[in-house]
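Engineer: Just dropping this structure here.
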Amino acid sequence: MMFFLCQKSWSAEGILDYERFRTQIEPLLLTQTYNSPSVGVTCYSCHGSTSNAGYTAFPLNLGQTRRNYIEAARQVTLDEPDTSLLLLKPLAVAAGGVPHGLLGNDGGEQFSNTTTDANYSAILDWIIDATQASQGARVSKTHPYPNPFRTKTNIVYFLTSTAEKVDVRIFTYNGTEVRQYEGTTNIGANQVEWDGRATDLEPLATGVYFYSIKARFEDGTFIKTGRCVYTP
């Protein structure tokens with residue numbers, strides 16, 4: 001199952017596994033599992049504070065997993081996974097990392113000064129798996145229209161080959177699922193219509209909502225995400 005965002009010759013958006021980020025990667029960023037030699041210092045210690053310069057480059061927010069996922073994906077380089085800043089910033093310079101933190105110091109050195117650290121490997125594998133999933137059958141792009149919307153929006157998605165099954169899910173800004181649809185599986189453009197309501201058909205609040213298109217193919221599963229703005 002692959003998910004969402006970033007750079008170079010193709011984008012990490014849509015192929016980094018969100019569920020894996022939620023259960024394996026985010027805990028490394030927000031807890032002491034992934035900390036510096038200074039006891040209790042985590043990525044969140046600096047990147048969770050709006051008063052710290054590091055927050056601007058890589059903001060992390062407790063309780064906002066989807067937002068953290070987007071920001072983490074911006075630190076990923078799919079063409080060359082082991083050059084991703086998400087890996088090199090916490091890695092000691094002596095082990096091949098890059099200067100990290102204010103004044104170009106080594107920052108955390110969270111990976112025990114080696115690329116064989118289990119946490120380093122977990123993040124690297126997450127990126128490599130997304131890179132491999134970018135080849136072959138996929139959701140090529142998505143497009144909600146209109147966006148922003150008042151009464152309904154059509155979430156359009158494009159498949160490069162016929163899918164076995166497609167699920168379309170709507171989430172709040174903090175990652176809570178509010179609606180799910182079974183989508184069509186045809187090559188080319190497909191769409192589902194969303195009326196701004198939750199599963200119980202109650203109207204939702206004004207705001208930004210995320211959607212995911214999960215398409216299962218014979219050779220694997222691909223997920224692409226996007227966002228739309230509800231303004232009833």
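Identifiers for the structure tokens are assigned positionally: chains receive A, B, ... in sequence, residues are indexed from 1 per chain, and ligands are indexed from 1 in the order shown.
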Segment 113-175 of chain A near segment 44-67 of chain A within 12 Å: what's each residue's closest atom pair and its distance in Å to one decimal, counting only C-alpha atoms, ordered by chain then ascending residue number, as a tab-separated table?

Structural biologist:
```
residue	atom	partner	partner_atom	distance
A:Phe171	CA	A:Arg66	CA	9.1
A:Thr172	CA	A:Arg66	CA	9.0
A:Tyr173	CA	A:Arg66	CA	6.9
A:Asn174	CA	A:Gln64	CA	4.5
A:Gly175	CA	A:Arg66	CA	5.5
```

Engineer: Just write the chosen residues, N, CA and C atoms, as an mmCIF file, in the first residue's frame.

Structural biologist:
```cif
data_model
loop_
_atom_site.group_PDB
_atom_site.id
_atom_site.type_symbol
_atom_site.label_atom_id
_atom_site.label_comp_id
_atom_site.auth_asym_id
_atom_site.auth_seq_id
_atom_site.Cartn_x
_atom_site.Cartn_y
_atom_site.Cartn_z
ATOM 1 N N PHE A 171 -10.663 12.488 4.438
ATOM 2 C CA PHE A 171 -10.128 12.646 5.789
ATOM 3 C C PHE A 171 -10.159 14.109 6.211
ATOM 4 N N THR A 172 -10.261 14.330 7.522
ATOM 5 C CA THR A 172 -10.101 15.671 8.060
ATOM 6 C C THR A 172 -8.617 16.023 8.050
ATOM 7 N N TYR A 173 -8.322 17.268 8.445
ATOM 8 C CA TYR A 173 -6.943 17.748 8.449
ATOM 9 C C TYR A 173 -6.049 16.936 9.378
ATOM 10 N N ASN A 174 -6.624 16.401 10.463
ATOM 11 C CA ASN A 174 -5.811 15.627 11.400
ATOM 12 C C ASN A 174 -5.819 14.130 11.114
ATOM 13 N N GLY A 175 -6.383 13.736 9.953
ATOM 14 C CA GLY A 175 -6.304 12.343 9.530
ATOM 15 C C GLY A 175 -7.487 11.462 9.886
#
```

Engineer: Could you pull out all residues of segment 3-214 of chain A with a DSSP call of alpha helix (DSSP H) and give them as number ranges by chain?

Structural biologist: A: 18-20, 26-30, 43-47, 53-57, 65-73, 85-88, 118-133

Engineer: Which is closer to Pro90 of chain A than all the others in A:Val192, A:Cys228, A:Leu78, A:Ile123, using only C-alpha atoms?

Structural biologist: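 Closest residue, counting only C-alpha atoms: A:Ile123.
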
Engineer: In Å, rounded to a single decimal, give me how far atom CA of Glu182 of chain A is from atom CA of Gly196 of chain A.

Structural biologist: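 Rounded to one decimal, the two atoms are 16.5 Å apart.
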
Engineer: Considering only C-alpha atoms, tabulate each residue of segment 176-223 of chain A that lies at most 7 Å from segment 137-155 of chain A along with its nearest interatomic pair and the corresponding distance in Å to one decimal; arrange the rows by chain and ascending residue number and present them as a Markdown table.

Structural biologist:
```
| residue | atom | partner | partner_atom | distance |
| --- | --- | --- | --- | --- |
| A:Gln191 | CA | A:Ile155 | CA | 5.3 |
| A:Val192 | CA | A:Ile155 | CA | 5.4 |
| A:Glu193 | CA | A:Asn154 | CA | 4.4 |
| A:Trp194 | CA | A:Thr153 | CA | 5.4 |
| A:Asp195 | CA | A:Lys152 | CA | 4.1 |
| A:Gly196 | CA | A:Lys152 | CA | 6.3 |
| A:Phe217 | CA | A:Ala137 | CA | 6.8 |
| A:Phe222 | CA | A:Arg138 | CA | 5.6 |
```

Engineer: Here is a test: counting only C-alpha atoms, which residue of A:Tyr34, A:Phe111, A:Tyr181, A:Trp126 is nearest to Tyr18 of chain A?

Structural biologist: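 Of all the options, A:Trp126 lies closest to Tyr18 of chain A.
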